Every structure is written in C-alpha cells, then in structure tokens.
2 protein chains.
Amino acid sequence: MSEYTDATQEQVNETMQSSSMAFQVYKKKSLRERAHFMRTIASNLDELGDRIVEMAMQETHLAKPRLLSEKNRTVFQLNNYADACENGDWLQVRIDTGDVNRNPPKPDIRKTQVPLGPVVVFGASNFPFAYSTAGGDTACAFAAGCTVVVKAHPAHPKTSFLVAEAIYEACDTCNLPREVFGHIYGAGNEVGKALVMHPETKSVAFTGSFKGGKALFDWGNQREVPIPVFAEMGSVNPVFLLPGKLKESAVDVAKMIASSVTLSVGQFCTNPGIIIGVKNNDLQEFINVLKAEAGKIAPADMLHQGISKAYHEKLENVLKENSIETVLNSNVSRGLQAGPAIAMIEAKTFLENGLFHEEVFGPYSLIVACEDDVAMLAVARSLEGQLTATIMGTGTEMPEYDELVDTLVRNSGRIIFNGVPTGVEVCMAMQHGGPYPATTDARFTAVGADGIRRFSRPVCYQNWHNALLPDELKTGNPLKMWRMVDGQFTKM
Amino acid sequence: MSEYTDATQEQVNETMQSSSMAFQVYKKKSLRERAHFMRTIASNLDELGDRIVEMAMQETHLAKPRLLSEKNRTVFQLNNYADACENGDWLQVRIDTGDVNRNPPKPDIRKTQVPLGPVVVFGASNFPFAYSTAGGDTACAFAAGCTVVVKAHPAHPKTSFLVAEAIYEACDTCNLPREVFGHIYGAGNEVGKALVMHPETKSVAFTGSFKGGKALFDWGNQREVPIPVFAEMGSVNPVFLLPGKLKESAVDVAKMIASSVTLSVGQFCTNPGIIIGVKNNDLQEFINVLKAEAGKIAPADMLHQGISKAYHEKLENVLKENSIETVLNSNVSRGLQAGPAIAMIEAKTFLENGLFHEEVFGPYSLIVACEDDVAMLAVARSLEGQLTATIMGTGTEMPEYDELVDTLVRNSGRIIFNGVPTGVEVCMAMQHGGPYPATTDARFTAVGADGIRRFSRPVCYQNWHNALLPDELKTGNPLKMWRMVDGQFTKM
C-alpha cells in the first residue's frame with residue numbers, strides 16, 4: 001500500500017512547520033469557534049456511518065457492536081469536549097483585583113490558559129476511533145487551541161485516512177486552514193522519533209505499550225527544549241475480592257469479571273489482569289465459575305500480528321513457570337487468534353517474582369491466592385502504579401479494609417467499588433491516568449474534559465488594559481463563565 | 001562549622017525513609033489540621049523577630065528592610081496558603097452523579113486530589129526565607145498533604161537552622177511527628193543528587209540557576225520511576241519600551257527600571273535583564289536617565305562568592321565584545337562587592353549572537369536598540385522562555401502592537417503593563433513560571449496558592465460508599481466547599 005508508506009524526515013519537517021503556521025491562526029479562534037469546529041468533526045464522523053465501521057472491522061478484527069459503540073463514543077467525546085471548551089471552566093480563570101491605596105499598590109492580576117502549540121498524537125491500535133485520529137487526545141488539543149499532527153497507527157491506516165478526511169472537511173466548512181490537522185504514516189520508530197524531536201512539536205500524547213511510551217517520554221526529555229509527553233501505558237488493574245463479598249455473591253462477581261477479562265479479546269488498558277483473594281471455599285467457587293464463564297468464550301482475532309504474537313509468547317512464558325497453576329487455557333497459537341486464559345499463583349510467589357506483575361495484554365488474568373488479609377495487603381503494596389484498582393466488598397466489611405483502600409489510592413488513578421475497570425465513563429470527574437508506569441504524568445487525565453489541560457499552560461496579565469485582555473479576563477465577564485474573582489467563584 | 005557538614009548517603013536514606021513514614025500519618029490529616037500546622041509555623045517564624053533577620057543579614061548580606069519584608073512575605077505566604085488549603089478550591093472536586101436507569105448504567109464518579117508523597121525542596125540563595133526552608137515550596141507541599149525534606153542552601157545554613165527549629169516546634173504544638181519535616185545540609189552536588197534519586201522522593205522543587213535546575217530535572221527523569229521536578233531557573237525578563245510611552249515619560253520609566261535593575265544588587269529571578277526600544281531621541285533620554293539613576297547606586301555585597309564571581313566574570317565577558325557599548329559600569333571586582341552596569345547593543349547584533357541572550361545574574365541590564373518596530377518584534381521572537389515580559393506603552397499605541405503582545409504571551413508566564421517585573425504578588429491569579437528554560441514545567445506556578453497543585457494528583461472514586469469517601473467528596477458537602485457537581489459550580 002504505497003499510499004501509507006512511512007513519512008520521510010522531510011515530510012515530518014514540512015508537516016510540523018505547516019502545523020506551527022496554522023497554530024498562529026487557530027490559537028486566535030474563540031472558544032465558540034473551536035467548539036463549532038469540533039462539533040463539525042463529530043458530525044462528519046457520525047455521517048461516515050457503517051462505511052467507516054466496516055473499514056475498521058477489516059483492519060482491527062474487532063466486532064461490529066464494539067466498533068459502533070466506540071464510534072458513537074468518539075462522536076460524544078468531540079461534542080462533550082466542545083461543550084467544555086466553550087463553557088471555559090478549563091481556563092480556570094482567576095482574577096485578583098488591584099488596590100492602588102495599598103502600600104505598595106496591589107496590582108491587578110488576571111490568569112487564563114494559553115495553548116502549548118502543535119501536539120503530536122500517536123494513534124492507538126486498540127481504539128481505532130476513540131484514541132486515534134479524531135479521538136480524545138485530538139479533541140482535547142483542539143479544545144485547548146492547539147493544532148494536531150496524528151501519526152496513524154499502522155494497524156488501521158485506511159480507517160485513519162477516512163477519519164482524517166472528516167477532519168479536513170470540517171476545516172473547509174469552518175474556514176480553517178487544513179494544516180490545523182496533519183496526518184502522518186509511519187510503521188517504524190524513526191517517524192515517531194522525528195515527530196517528538198521536531199522543534200515545533202510542543203507536546204505529545206500517546207496510548208499504547210510501556211516500551212513505546214517510555215521511548216517517547218525519554219525523547220521528549222532529551223530534546224534541547226524538553227516537552228511534556230503524556231503517555232498512557234500498561235496497567236494490570238488489580239481486582240481485590242473481599243471475603244464477605246465472595247461469601248455473598250461469588251457467582252455474580254465471577255461472571256462480571258469473566259466478561260471484563262474477555263471483552264474485545266482482552267485488548268483494553270483497563271483489562272483486569274490480576275485478581276486477589278483470600279483462599280477459602282468461596283474463592284474456589286469464584287474460580288470455578290470464572291473458569292466456566294471464560295471457557296465459553298471462543299478464540300477470536302486480535303488487533304494485529306504484533307499484539308497476538310506478544311500475547312502468545314508472554315502467556316507461554318508465564319504459564320511454563322513451575323509455581324503457577326493453569327486454571328484455564330483456551331488459547332490457540334494460530335495467527336491472530338487468541339483465547340482466554342486464567343492462572344493462579346500463591347501470594348508468596350507473586351511477591352517474590354516480578355514476572356507475575358507484568359501485563360500480559362490480552363484475555364488473560366492471574367488469580368493471586370492469599371493466606372489471609374495481611375498477605376492481600378502485602379500484594380497491594382507490592383504493585384506498581386495502576387490506571388485503576390477495584391474492590392469487590394460488602395458495605396459491612398469495607399471499614400476493616402481502610403489500609404487496603406489507602407494503598408490502592410496511593411497506587412492508582414481510579415478506584416472502583418463493586419464494578420469492573422473496563423468501560424471508562426467520559427465525564428468531568430473521570431481520572432484516567434495513574435502513577436508511573438501506568439502513565440508518564442499522573443497529574444493529568446486522558447479521559448474527560450479535564451484532559452484539555454494537558455495541552456495548555458497558565459499566563460497572567462498584570463495591570464493590563466481591560467479592552468486588550470482576552471475576553472475571558474475582561475471586567476463584566478462578557479463570556480458569562482465561572483471565574484474565581486478575589487477568591488470567590490462567580491459568573492458576574 | 002562541623003554542624004553544617006554535608007549529609008552522607010546514609011543520612012539521606014534515613015531522612016527520606018523517615019519522611020515516607022511520616023507521610024503515612026500526615027497525609028491523613030484534615031485540611032483544617034494542615035492549615036493549623038502551617039499557621040503555627042507562620043506564627044513561630046514571626047516570633048523569631050529581629051533575631052532571624054540579623055542572622056540572615058550576616059549570612060546573605062542583604063539589607064535589613066529587604067529581609068524584614070521578605071520574612072513578612074513568608075509569614076503571609078504560609079497563612080495565605082493555609083487559607084487556600086482549608087477552603088479546598090485546589091482539590092478541584094468534580095462530582096458526576098450516577099444514573100442506574102441509563103443503559104449501560106452511568107456510574108457515580110467523584111474526583112479529588114491526593115498528595116504525591118515526600119517532596120524535596122532546594123533552598124534558594126537569594127530568598128533565605130520566601131524560597132527556602134519554610135518558603136513557598138514547603139508551604140505548598142504541606143498544604144497538599146506532603147512531607148518535606150529541605151536541602152538548606154549552603155550560603156545561609158544558620159538562618160535555615162533557625163527556621164527549621166520553628167517548623168519542628170510547630171510539629172510539637174500540633175502533635176505531628178517531627179519527621180514531617182527533614183533538614184539536610186550539603187554544599188556539593190552529591191547530596192542533591194542522592195535526594196533526587198532516592199526512591200521515596202516523589203517530587204522536587206528548586207529555585208536557582210539553569211545549570212542546577214537542569215541537572216535535577218535530568219536526574220528526576222532518569223530514575224527508575226521518574227518524578228516531577230519543578231525547577232524555576234533563569235530568565236532575562238525583557239522590557240519593551242514603546243515609542244509613545246517614551247515620548248510621554250522617558251524619565252519616569254527610566255527611574256522605575258533603574259530601581260528594578262539594581263534592587264537587592266539585582267539578585268532577583270525577575271530582574272529586567274534586557275530592555276528593548278526603538279532608536280530615537282526619546283530612547284536616548286531614557287538611557288541618559290537610566291545611566292544617571294543606576295550610577296547613583298553604590299556597589300554592595302552580593303549573596304556569596306559563587307554569585308559575585310559569576311557576575312564579575314559574565315559581565316566582563318559580555319562587555320569585552322566589540323559590538324557592545326558600555327553605558328555604565330560601576331562594578332568593582334572586589335570580593336563580594338558588585339556595582340550596577342548598563343550596556344547597549346544593536347538589535348542586529350543581538351539577533352546574531354546567543355551570548356547576549358544569556359542571563360547575567362546581578363545589577364546589569366542590556367539595552368537592545370532597534371531600527372524600527374519590525375526589529376523590535378524580531379527581538380521578541382528570538383527570545384527563549386521567560387518568567388515575565390513587560391511592555392511600557394500608552395493605551396493609544398497598544399492596539400498597534402498586538403503581534404508583539406502575542407509573541408510575549410507565547411514566550412512567558414506573566415506579562416506586565418507599565419510596571420516592573422520585580423515584586424511578585426502572592427495571590428491566586430499569579431503565574432510565576434514560564435516556558436523552558438525559565439522553568440522545567442510551565443503548566444504550574446511557584447507563587448500563589450495554585451502552586452499547591454504541583455504536589456498533588458487526581459484520584460477518582462467510582463460507585464464508592466458515601467460514608468467511606470473523603471469528606472470533600474461526600475454527598476451533602478460537609479466541608480461546604482466549592483465543587484463542580486454535574487457540570488455546575490456549587491457549595492451545596
């Protein structure tokens with residue numbers, strides 16, 4: 001497919017230069033204009049209808065209902081972040097009015113956010129819509145006033161091309177230069193590195209493997225002018241099964257988790273990869289049901305050869321350990337096909353061997369069997385940074401586990417009670433991002449409109465003429481947004 | 001002074017381990033308890049009265065009025081950030097209530113901030129109170145719920161010791177373990193590196209030179225688990241003189257700038273190091289007055305040998321260039337003593353030679369004389385990231401300079417109209433931090449209560465039991481703080 005060949009260094013240079021020029025235009029667009037642009041992209045994407053879903057099915061082997069819902073989610077994200085862009089809460093306006101009678105006179109200071117500049121977004125293989133070309137990162141960057149250059153994921157270039165066309169059409173409709181969006185192909189590391197190292201690149205967003213994200217992070221920090229790299233990487237998303245809950249409803253919990261582990265052939269960054277419980281009959285019942293439920297799921301095609309190969313190899317590697325007990329292995333090492341697998345290990349062994357802490361991306365989960373609550377807490381403490389942590393418990397027993405909760409808050413970005421980590425709600429309160437190595441910057445989120453702030457920075461104006469201030473800072477609040485004025489939130 | 005000898009690796013280990021243990025206690029303290037602790041430190045510091053000011057005078061050679069006002073500012077900061085800690089705006093609470101009737105059910109998600117863990121603060125030589133032991137970084141970290149380990153600046157160990165005592169007394173008064181605060185001495189790089197590389201260190205704050213800040217930033221990123229390093233480094237703080245303003249009041253502007261350049265022997269990170277104007281008679285008048293006013297300032301002692309030596313050497317190095325014209329040189333290369341110097345250069349030469357862009361820390365400023373507005377804009381565009389940029393202009397001429405303003409917003413964290421960059425107001429709207437190399441993370445501020453957020457990260461709770469939620473997330477808003485609930489700010 002010659003049309004999707006790797007970009008040359010010259011093409012990267014041209015694209016970034018054009019993005020930088022377009023940024024000078026785009027950053028001056030009002031919040032309303034940016035929101036209109038984003039809504040137009042959403043509408044164009046929606047209108048691509050079945051055509052784009054079928055293309056994505058061909059390229060990703062994901063099922064139609066999943067892709068339809070992902071497409072709808074992407075449309076929702078664009079519209080939701082457009083609303084957030086326009087209401088301006090993300091600008092976090094602070095106004096401290098001056099006082100000439102103070103000695104020394106108190107200056108008038110007003111703070112808002114300005115966009116960082118061109119953002120490079122790396123498309124994710126497992127989210128051809130929601131975390132690729134017009135996905136969450138792109139939407140946040142456009143909301144912040146940044147231009148975007150996407151490196152299409154090599155596993156779905158045609159889908160990416162169609163989405164890019166939807167963005168270009170929105171540029172035309174909104175009278176924006178097409179260069180506000182750049183689209184680059186590149187299967188090798190070279191193109192990615194060239195994009196991150198380019199002087200006009202001001203920030204990077206990535207969703208994918210630890211190895212990939214860490215490389216981008218290091219490149220970003222090694223530049224002459226370092227830039228923020230927001231990489232959302234691997235996570236094993238531990239699920240803790242408290243004894244009371246298992247006694248009450250081991251069967252229901254097992255069914256929930258079986259479904260979460262095998263959803264979309266386990267290809268979610270929030271896939272529950274480790275399940276921790278105290279050894280007893282209830283845990284055994286849970287395991288029996290989990291085995292039966294996961295065993296019903298037939299092998300299916302994974303996203304691409306690289307991912308299926310890694311799943312087969314890592315699974316084989318971990319299951320061949322003497323200390324591990326295979327509960328279920330429906331995997332088939334045949335091309336893209338992959339089946340669910342469940343294994344079990346003693347807490348003691350888990351604590352001693354880092355191999356078992358590593359993510360096996362796919363429909364696999366490891367049960368860590370603990371002697372008691374103390375061992376369960378030790379397992380929690382041994383975990384690295386996570387996107388999510390889940391507790392299955394009853395209201396009655398939860399107060400006894402405050403140390404466990406405390407540990408999970410320390411290790412993760414989102415903690416879930418009696419639910420599953422897969423299915424990340426797009427809302428303001430969402431935190432999708434956790435301590436390293438889950439992400440490279442736990443202070444920001446990749447899901448929800450708060451993610452816009454990854455691509456902006458504060459600037460304050462001191463004693464500035466009111467007429468020359470950005471609208472959001474003007475006296476009288478012409479944009480009617482929430483602002484903190486002299487310490488109080490107000491729309492006045 | 002054997003009591004201020006460099007800490008050993010073992011002492012660093014012990015201090016960080018103790019800080020980590022104390023963090024487990026301190027992070028659970030309520031906002032009110034943290035605020036009470038901070039106010040107690042403020043009160044203890046205030047009560048040290050003249051004793052500590054005289055100690056600082058001996059160690060820093062700064063004048064008494066300056067140190068008195070800096071001490072008061074530090075007390076104010078602690079109280080101001082204590083208020084901010086308690087009112088909880090910095091937690092940026094977002095609540096999205098659930099809906100079980102939606103298909104799939106919408107979860108209840110509630111987001112708050114949690115502290116990162118032990119913060120290492122490097123005391124600044126030029127702010128023995130406000131950016132050292134109990135300064136802004138320490139106050140922000142305590143507000144966020146972090147413990148703090150300060151590396152005392154070797155130029156004022158005794159002052160640092162007295163302030164540390166005030167903090168330890170506050171620990172006793174507030175029934176907190178003394179280990180919430182650690183105090184380490186270390187003149188060499190080794191101690192600093194050991195502190196940054198220690199696994200229990202979760203964040204770093206620094207105010208000082210580019211070289212020092214960049215080293216910490218690199219170490220922070222090279223750790224097995226990278227951590228955020230907030231380094232506030234050098235800046236030349238350009239001042240742009242628009243022609244109309246100079247025509248109207250060249251004398252007043254020159255007097256203001258002369259005072260700002262020479263304040264505290266020029267030892268501020270916001271010292272105006274570059275002054276840009278269009279060549280004409282008004283600029284000449286400005287230069288004459290600036291020369292006369294700065295010439296009245298007698299040489300005075302700088303902070304320490306390292307700083308005075310660097311000033312003498314850098315000044316000599318830049319003034320010996322053929323292309324530069326020395327307007328005033330009252331400097332004396334004698335021990336700690338340093339006097340003001342003003343030089344002038346053509347814009348063309350400035351643009352060609354990076355040497356002139358570099359900060360010369362001390363009472364020195366370089367006038368960049370431009371042929372016209374176009375050259376002035378070119379100079380603005382050539383500048384690296386800055387903490388501040390200033391425009392001296394009239395209301396009438398400002399609209400003609402929107403491209404200049406646009407460029408300065410792009411390059412800096414704070415833009416000032418008809419004022420001087422020195423004198424950083426402590427308030428919510430302040431942004432003290434700018435694009436690299438002014439700081440290592442322009443998305444945060446080192447002054448004002450928004451600086452608390454450098455030391456926290458978001459965590460969200462999904463479908464959590466109300467009674468088990470942190471108070472700030474509970475239904476009914478028991479802390480009565482501003483929260484965003486379903487997209488609207490409310491105190492309900």
# chains A, B, ... in the order shown; residues from 1 in each chain; ligands from 1
>>> closest_atom_pairs(of="chain B", to="chain A", cutoff="6 Å", atoms="only C-alpha atoms", output="Markdown table")
| residue | atom | partner | partner_atom | distance |
| --- | --- | --- | --- | --- |
| B:Arg94 | CA | A:Ala429 | CA | 4.8 |
| B:Ile95 | CA | A:Ala429 | CA | 5.6 |
| B:Asp96 | CA | A:Ala429 | CA | 5.9 |
| B:Ile109 | CA | A:Ala429 | CA | 5.7 |
| B:Arg110 | CA | A:Ala429 | CA | 5.5 |
| B:Lys111 | CA | A:Ala429 | CA | 5.1 |
| B:Gly413 | CA | A:Val459 | CA | 4.7 |
| B:Arg414 | CA | A:Cys460 | CA | 4.7 |
| B:Ile415 | CA | A:Tyr461 | CA | 5.1 |
| B:Ile416 | CA | A:Gln462 | CA | 4.6 |
| B:Phe417 | CA | A:Trp464 | CA | 5.5 |
| B:Ala429 | CA | A:Arg94 | CA | 4.8 |
| B:Gln431 | CA | A:Cys460 | CA | 5.6 |
| B:Arg443 | CA | A:Arg457 | CA | 4.5 |
| B:Arg457 | CA | A:Arg443 | CA | 4.5 |
| B:Val459 | CA | A:Gly413 | CA | 4.8 |
| B:Cys460 | CA | A:Arg414 | CA | 4.8 |
| B:Tyr461 | CA | A:Ile415 | CA | 5.1 |
| B:Gln462 | CA | A:Ile416 | CA | 4.6 |
| B:Asn463 | CA | A:Phe417 | CA | 5.6 |
| B:Trp464 | CA | A:Phe417 | CA | 5.5 |
>>> residues_around(residues="Leu242 of chain B", least_positions_apart="3", cutoff="7 Å", atoms="only C-alpha atoms", output="VMD selection string")
chain B and resid 245 to 246 277 392 to 393
>>> select_by_dssp(residues="segment 147-221 of chain A", states="helix (DSSP H, G or I)", output="PyMOL selection string")
chain A and resi 157-173+178-180+189-197+210-221
>>> closest_residue(among="B:Ala124, B:Ala446, B:Leu91, B:Leu355", to="Asn317 of chain B", atoms="only C-alpha atoms")
B:Leu355
>>> residues_around(residues="Cys370 of chain B", least_positions_apart="4", cutoff="10 Å", atoms="only C-alpha atoms", output="ChimeraX atom specification")
/B:276-280,345-348,350,374-379
>>> residues_around(residues="Phe23 of chain A", least_positions_apart="5", cutoff="10 Å", atoms="only C-alpha atoms", output="list in words")
Gln17, Ser18, Lys28, Lys29, Pro115, Leu116, Gly117, Pro118, Gly145, Cys146, Thr147, Val148, Pro177, Glu179, Val180 and Phe181 of chain A
>>> write_last_selection(atoms="N, CA and C atoms", output="JSON list (two decimals), in the first residue's frame")
[["chain", "number", "residue", "atom", "x", "y", "z"],
["A", 17, "GLN", "N", 6.15, 22.17, 10.37],
["A", 17, "GLN", "CA", 6.22, 23.60, 10.03],
["A", 17, "GLN", "C", 4.83, 24.13, 9.70],
["A", 18, "SER", "N", 4.10, 23.38, 8.88],
["A", 18, "SER", "CA", 2.75, 23.81, 8.50],
["A", 18, "SER", "C", 1.85, 23.87, 9.73],
["A", 28, "LYS", "N", -5.98, 31.79, 17.80],
["A", 28, "LYS", "CA", -6.75, 33.04, 17.97],
["A", 28, "LYS", "C", -8.25, 32.83, 17.83],
["A", 29, "LYS", "N", -8.66, 31.65, 17.44],
["A", 29, "LYS", "CA", -10.09, 31.38, 17.30],
["A", 29, "LYS", "C", -10.75, 31.38, 18.69],
["A", 115, "PRO", "N", -2.74, 27.89, 24.75],
["A", 115, "PRO", "CA", -2.36, 26.58, 24.17],
["A", 115, "PRO", "C", -0.84, 26.46, 24.04],
["A", 116, "LEU", "N", -0.35, 25.21, 24.14],
["A", 116, "LEU", "CA", 1.10, 24.97, 24.08],
["A", 116, "LEU", "C", 1.67, 25.09, 22.68],
["A", 117, "GLY", "N", 0.87, 24.76, 21.67],
["A", 117, "GLY", "CA", 1.38, 24.71, 20.29],
["A", 117, "GLY", "C", 1.07, 23.35, 19.69],
["A", 118, "PRO", "N", 1.69, 23.03, 18.52],
["A", 118, "PRO", "CA", 1.37, 21.77, 17.85],
["A", 118, "PRO", "C", 1.55, 20.54, 18.76],
["A", 145, "GLY", "N", -6.83, 24.85, 21.84],
["A", 145, "GLY", "CA", -6.35, 25.84, 20.88],
["A", 145, "GLY", "C", -5.07, 25.41, 20.18],
["A", 146, "CYS", "N", -4.75, 24.13, 20.30],
["A", 146, "CYS", "CA", -3.55, 23.59, 19.66],
["A", 146, "CYS", "C", -3.90, 23.00, 18.29],
["A", 147, "THR", "N", -2.92, 22.98, 17.39],
["A", 147, "THR", "CA", -3.05, 22.20, 16.18],
["A", 147, "THR", "C", -2.55, 20.79, 16.49],
["A", 148, "VAL", "N", -2.89, 19.84, 15.61],
["A", 148, "VAL", "CA", -2.61, 18.43, 15.89],
["A", 148, "VAL", "C", -1.96, 17.76, 14.69],
["A", 177, "PRO", "N", -7.54, 26.75, 8.05],
["A", 177, "PRO", "CA", -6.54, 26.13, 7.17],
["A", 177, "PRO", "C", -6.48, 24.62, 7.46],
["A", 179, "GLU", "N", -4.15, 22.81, 7.52],
["A", 179, "GLU", "CA", -2.93, 22.46, 8.27],
["A", 179, "GLU", "C", -3.15, 22.46, 9.79],
["A", 180, "VAL", "N", -4.34, 22.82, 10.27],
["A", 180, "VAL", "CA", -4.58, 22.65, 11.71],
["A", 180, "VAL", "C", -4.50, 21.17, 12.07],
["A", 181, "PHE", "N", -4.64, 20.33, 11.05],
["A", 181, "PHE", "CA", -4.53, 18.89, 11.27],
["A", 181, "PHE", "C", -3.52, 18.28, 10.30]]
